[in-house]
Amino acid sequence: MKILGIDPGMAIVGYGLVEIQNEKPVLIASGSIQTDKNLSDSKRLLEIFNDLSTIVEKYNPDCASVENLFFFKNQKTVIPVAEARGVILTVLEKYTIPTYSYTPMEVKQVLTGYGRAEKKEVEQMVKIALGTEKLPKLDDTVDAIAIAICHSRNVI
């Protein structure tokens with residue numbers, strides 16, 4: 001089973017594709033979609049739509065897990081992130097990919113056993129789950145991988 005984890009955002013959409021092999025997640029691909037802040041919101045959303053469509057067509061995931069908007073400290077970013085998440089869900093629906101949502105607290109709970117774990121603790125558990133010492137540098141990409149691993153633990 002191939003699971004596409006997605007961390008939505010207007011500026012950066014992180015993604016991580018894990019495949020379950022022998023009941024363990026194996027990282028197949030990861031990266032980010034980054035949009036130019038000087039472009040209009042509609043152009044940035046179209047870029048997310050087109051780039052995510054390319055990723056879905058290339059890797060053909062069996063399902064997707066997308067971070068759910070739960071609580072936002074910065075009220076200025078909540079609407080653009082929600083719009084980006086809507087575009088992401090639209091792409092996944094277009095390709096009839098079953099989609100599951102997890103809050104950051106749920107992801108932390110599943111990976112670390114504690115819903116208020118620090119980012120470094122989540123990163124460490126992602127490394128352990130993948131059996132690697134090296135992770136992508138971008139937090140959004142690591143978060144997307146964590147979201148995919150979270151879903152894998154809910155289906156195995």
# chains A, B, ... in the order shown; residues from 1 in each chain; ligands from 1
>>> residues_around(residues="segment 150-152 of chain A", least_positions_apart="6", cutoff="8 Å", atoms="only C-alpha atoms", output="ChimeraX atom specification")
/A:3,20,25,65,100,107,110-111
>>> residues_around(residues="Pro8 of chain A", least_positions_apart="6", cutoff="7 Å", atoms="only C-alpha atoms", output="ChimeraX atom specification")
/A:14,67,81,84-85
>>> closest_residue(among="A:Thr35, A:Ser101, A:Asn22, A:Gln124", to="Met10 of chain A", atoms="only C-alpha atoms")
A:Thr35
>>> residues_around(residues="Ala11 of chain A", least_positions_apart="5", cutoff="8 Å", atoms="only C-alpha atoms", output="ChimeraX atom specification")
/A:34-37
>>> write_last_selection(atoms="C-alpha atoms", output="JSON list (two decimals), in the first residue's frame")
[["chain", "number", "residue", "atom", "x", "y", "z"],
["A", 34, "GLN", "CA", 6.59, 25.94, -3.11],
["A", 35, "THR", "CA", 4.67, 28.89, -4.44],
["A", 36, "ASP", "CA", 5.87, 32.43, -5.05],
["A", 37, "LYS", "CA", 4.41, 34.90, -2.51]]
>>> closest_residue(among="A:Leu135, A:Val155, A:Ala146, A:Ile55", to="Val122 of chain A", atoms="only C-alpha atoms")
A:Ala146
>>> select_by_dssp(residues="chain A", states="strand (DSSP E)", output="ChimeraX atom specification")
/A:2-7,12-21,24-34,63-67,99-102
>>> write_last_selection(atoms="C-alpha atoms", output="short mmCIF file (atom, residue, chain, number, x, y, z; two decimals), in the first residue's frame")
data_model
loop_
_atom_site.label_atom_id
_atom_site.label_comp_id
_atom_site.auth_asym_id
_atom_site.auth_seq_id
_atom_site.Cartn_x
_atom_site.Cartn_y
_atom_site.Cartn_z
CA LYS A 2 1.30 3.45 -1.00
CA ILE A 3 0.26 6.33 1.27
CA LEU A 4 0.74 9.95 0.25
CA GLY A 5 1.08 12.19 3.30
CA ILE A 6 0.43 15.90 2.75
CA ASP A 7 1.11 18.91 4.96
CA ILE A 12 4.78 25.32 1.02
CA VAL A 13 2.95 22.02 0.62
CA GLY A 14 5.03 19.18 2.00
CA TYR A 15 4.51 15.66 0.70
CA GLY A 16 5.86 12.25 1.55
CA LEU A 17 5.04 8.94 -0.10
CA VAL A 18 5.54 5.83 1.98
CA GLU A 19 4.94 2.27 0.90
CA ILE A 20 4.14 -0.40 3.45
CA GLN A 21 6.51 -3.33 2.97
CA LYS A 24 6.94 -1.25 7.82
CA PRO A 25 6.88 2.13 6.09
CA VAL A 26 9.49 2.69 3.39
CA LEU A 27 9.99 6.21 2.05
CA ILE A 28 9.51 6.21 -1.73
CA ALA A 29 9.50 9.94 -2.45
CA SER A 30 9.24 13.25 -0.65
CA GLY A 31 9.48 16.92 -1.37
CA SER A 32 7.53 20.13 -1.47
CA ILE A 33 5.48 22.36 -3.68
CA GLN A 34 6.59 25.94 -3.11
CA CYS A 63 -4.66 6.61 -0.40
CA ALA A 64 -3.70 9.96 1.06
CA SER A 65 -3.51 11.37 4.56
CA VAL A 66 -3.78 15.14 4.86
CA GLU A 67 -3.17 17.26 7.93
CA THR A 99 -8.41 10.55 1.78
CA TYR A 100 -7.99 10.56 5.55
CA SER A 101 -7.40 13.53 7.84
CA TYR A 102 -5.38 13.81 11.03
#
>>> decode(residues="segment 29-65 of chain A", atoms="N, CA and C atoms", output="PDB file, in the first residue's frame")
ATOM      1  N   ALA A  29       9.245   8.605  -1.901  1.00  0.00           N
ATOM      2  CA  ALA A  29       9.503   9.944  -2.449  1.00  0.00           C
ATOM      3  C   ALA A  29       9.045  10.982  -1.440  1.00  0.00           C
ATOM      4  N   SER A  30       9.676  12.143  -1.496  1.00  0.00           N
ATOM      5  CA  SER A  30       9.241  13.246  -0.645  1.00  0.00           C
ATOM      6  C   SER A  30       9.718  14.551  -1.268  1.00  0.00           C
ATOM      7  N   GLY A  31       9.095  15.619  -0.852  1.00  0.00           N
ATOM      8  CA  GLY A  31       9.482  16.923  -1.373  1.00  0.00           C
ATOM      9  C   GLY A  31       8.471  17.973  -0.990  1.00  0.00           C
ATOM     10  N   SER A  32       8.459  19.038  -1.757  1.00  0.00           N
ATOM     11  CA  SER A  32       7.535  20.133  -1.465  1.00  0.00           C
ATOM     12  C   SER A  32       7.121  20.835  -2.747  1.00  0.00           C
ATOM     13  N   ILE A  33       5.967  21.444  -2.652  1.00  0.00           N
ATOM     14  CA  ILE A  33       5.476  22.361  -3.679  1.00  0.00           C
ATOM     15  C   ILE A  33       5.611  23.739  -3.052  1.00  0.00           C
ATOM     16  N   GLN A  34       6.384  24.609  -3.663  1.00  0.00           N
ATOM     17  CA  GLN A  34       6.593  25.944  -3.108  1.00  0.00           C
ATOM     18  C   GLN A  34       6.087  26.984  -4.097  1.00  0.00           C
ATOM     19  N   THR A  35       5.251  27.872  -3.579  1.00  0.00           N
ATOM     20  CA  THR A  35       4.670  28.894  -4.442  1.00  0.00           C
ATOM     21  C   THR A  35       5.292  30.251  -4.143  1.00  0.00           C
ATOM     22  N   ASP A  36       5.284  31.089  -5.135  1.00  0.00           N
ATOM     23  CA  ASP A  36       5.866  32.431  -5.050  1.00  0.00           C
ATOM     24  C   ASP A  36       4.881  33.388  -4.380  1.00  0.00           C
ATOM     25  N   LYS A  37       5.302  33.993  -3.264  1.00  0.00           N
ATOM     26  CA  LYS A  37       4.412  34.896  -2.515  1.00  0.00           C
ATOM     27  C   LYS A  37       4.034  36.135  -3.310  1.00  0.00           C
ATOM     28  N   ASN A  38       4.757  36.432  -4.389  1.00  0.00           N
ATOM     29  CA  ASN A  38       4.439  37.599  -5.213  1.00  0.00           C
ATOM     30  C   ASN A  38       3.324  37.331  -6.221  1.00  0.00           C
ATOM     31  N   LEU A  39       2.945  36.069  -6.361  1.00  0.00           N
ATOM     32  CA  LEU A  39       1.847  35.730  -7.265  1.00  0.00           C
ATOM     33  C   LEU A  39       0.509  35.907  -6.552  1.00  0.00           C
ATOM     34  N   SER A  40      -0.548  36.034  -7.333  1.00  0.00           N
ATOM     35  CA  SER A  40      -1.888  36.118  -6.749  1.00  0.00           C
ATOM     36  C   SER A  40      -2.235  34.779  -6.098  1.00  0.00           C
ATOM     37  N   ASP A  41      -3.153  34.822  -5.140  1.00  0.00           N
ATOM     38  CA  ASP A  41      -3.573  33.578  -4.477  1.00  0.00           C
ATOM     39  C   ASP A  41      -4.107  32.569  -5.492  1.00  0.00           C
ATOM     40  N   SER A  42      -4.862  33.057  -6.470  1.00  0.00           N
ATOM     41  CA  SER A  42      -5.438  32.125  -7.450  1.00  0.00           C
ATOM     42  C   SER A  42      -4.349  31.420  -8.263  1.00  0.00           C
ATOM     43  N   LYS A  43      -3.279  32.136  -8.605  1.00  0.00           N
ATOM     44  CA  LYS A  43      -2.175  31.516  -9.347  1.00  0.00           C
ATOM     45  C   LYS A  43      -1.432  30.519  -8.463  1.00  0.00           C
ATOM     46  N   ARG A  44      -1.269  30.857  -7.195  1.00  0.00           N
ATOM     47  CA  ARG A  44      -0.588  29.945  -6.267  1.00  0.00           C
ATOM     48  C   ARG A  44      -1.409  28.677  -6.070  1.00  0.00           C
ATOM     49  N   LEU A  45      -2.719  28.818  -5.950  1.00  0.00           N
ATOM     50  CA  LEU A  45      -3.588  27.648  -5.791  1.00  0.00           C
ATOM     51  C   LEU A  45      -3.574  26.777  -7.046  1.00  0.00           C
ATOM     52  N   LEU A  46      -3.540  27.408  -8.211  1.00  0.00           N
ATOM     53  CA  LEU A  46      -3.460  26.645  -9.459  1.00  0.00           C
ATOM     54  C   LEU A  46      -2.133  25.885  -9.536  1.00  0.00           C
ATOM     55  N   GLU A  47      -1.055  26.513  -9.075  1.00  0.00           N
ATOM     56  CA  GLU A  47       0.240  25.832  -9.058  1.00  0.00           C
ATOM     57  C   GLU A  47       0.199  24.599  -8.146  1.00  0.00           C
ATOM     58  N   ILE A  48      -0.410  24.745  -6.983  1.00  0.00           N
ATOM     59  CA  ILE A  48      -0.564  23.594  -6.074  1.00  0.00           C
ATOM     60  C   ILE A  48      -1.377  22.504  -6.760  1.00  0.00           C
ATOM     61  N   PHE A  49      -2.472  22.895  -7.400  1.00  0.00           N
ATOM     62  CA  PHE A  49      -3.324  21.933  -8.107  1.00  0.00           C
ATOM     63  C   PHE A  49      -2.524  21.180  -9.170  1.00  0.00           C
ATOM     64  N   ASN A  50      -1.819  21.921 -10.016  1.00  0.00           N
ATOM     65  CA  ASN A  50      -1.081  21.293 -11.116  1.00  0.00           C
ATOM     66  C   ASN A  50       0.069  20.427 -10.623  1.00  0.00           C
ATOM     67  N   ASP A  51       0.843  20.930  -9.660  1.00  0.00           N
ATOM     68  CA  ASP A  51       1.989  20.166  -9.164  1.00  0.00           C
ATOM     69  C   ASP A  51       1.547  18.914  -8.417  1.00  0.00           C
ATOM     70  N   LEU A  52       0.506  19.026  -7.604  1.00  0.00           N
ATOM     71  CA  LEU A  52       0.031  17.838  -6.892  1.00  0.00           C
ATOM     72  C   LEU A  52      -0.562  16.825  -7.870  1.00  0.00           C
ATOM     73  N   SER A  53      -1.221  17.299  -8.902  1.00  0.00           N
ATOM     74  CA  SER A  53      -1.743  16.388  -9.929  1.00  0.00           C
ATOM     75  C   SER A  53      -0.603  15.598 -10.566  1.00  0.00           C
ATOM     76  N   THR A  54       0.504  16.270 -10.851  1.00  0.00           N
ATOM     77  CA  THR A  54       1.674  15.595 -11.429  1.00  0.00           C
ATOM     78  C   THR A  54       2.217  14.538 -10.473  1.00  0.00           C
ATOM     79  N   ILE A  55       2.306  14.871  -9.196  1.00  0.00           N
ATOM     80  CA  ILE A  55       2.804  13.920  -8.191  1.00  0.00           C
ATOM     81  C   ILE A  55       1.887  12.695  -8.115  1.00  0.00           C
ATOM     82  N   VAL A  56       0.589  12.919  -8.079  1.00  0.00           N
ATOM     83  CA  VAL A  56      -0.382  11.830  -8.002  1.00  0.00           C
ATOM     84  C   VAL A  56      -0.286  10.944  -9.252  1.00  0.00           C
ATOM     85  N   GLU A  57      -0.184  11.560 -10.416  1.00  0.00           N
ATOM     86  CA  GLU A  57      -0.067  10.788 -11.657  1.00  0.00           C
ATOM     87  C   GLU A  57       1.227   9.976 -11.690  1.00  0.00           C
ATOM     88  N   LYS A  58       2.302  10.537 -11.195  1.00  0.00           N
ATOM     89  CA  LYS A  58       3.599   9.858 -11.206  1.00  0.00           C
ATOM     90  C   LYS A  58       3.639   8.665 -10.252  1.00  0.00           C
ATOM     91  N   TYR A  59       3.115   8.842  -9.038  1.00  0.00           N
ATOM     92  CA  TYR A  59       3.272   7.819  -8.005  1.00  0.00           C
ATOM     93  C   TYR A  59       2.039   6.955  -7.756  1.00  0.00           C
ATOM     94  N   ASN A  60       0.878   7.385  -8.225  1.00  0.00           N
ATOM     95  CA  ASN A  60      -0.353   6.613  -8.110  1.00  0.00           C
ATOM     96  C   ASN A  60      -0.569   6.029  -6.708  1.00  0.00           C
ATOM     97  N   PRO A  61      -0.705   6.894  -5.692  1.00  0.00           N
ATOM     98  CA  PRO A  61      -0.885   6.380  -4.328  1.00  0.00           C
ATOM     99  C   PRO A  61      -2.227   5.666  -4.163  1.00  0.00           C
ATOM    100  N   ASP A  62      -2.266   4.730  -3.211  1.00  0.00           N
ATOM    101  CA  ASP A  62      -3.505   4.014  -2.914  1.00  0.00           C
ATOM    102  C   ASP A  62      -4.442   4.850  -2.056  1.00  0.00           C
ATOM    103  N   CYS A  63      -3.862   5.724  -1.238  1.00  0.00           N
ATOM    104  CA  CYS A  63      -4.656   6.609  -0.395  1.00  0.00           C
ATOM    105  C   CYS A  63      -3.794   7.794   0.001  1.00  0.00           C
ATOM    106  N   ALA A  64      -4.424   8.763   0.622  1.00  0.00           N
ATOM    107  CA  ALA A  64      -3.700   9.957   1.063  1.00  0.00           C
ATOM    108  C   ALA A  64      -4.133  10.310   2.475  1.00  0.00           C
ATOM    109  N   SER A  65      -3.189  10.841   3.235  1.00  0.00           N
ATOM    110  CA  SER A  65      -3.514  11.374   4.558  1.00  0.00           C
ATOM    111  C   SER A  65      -3.071  12.838   4.558  1.00  0.00           C
TER     112      SER A  65
END
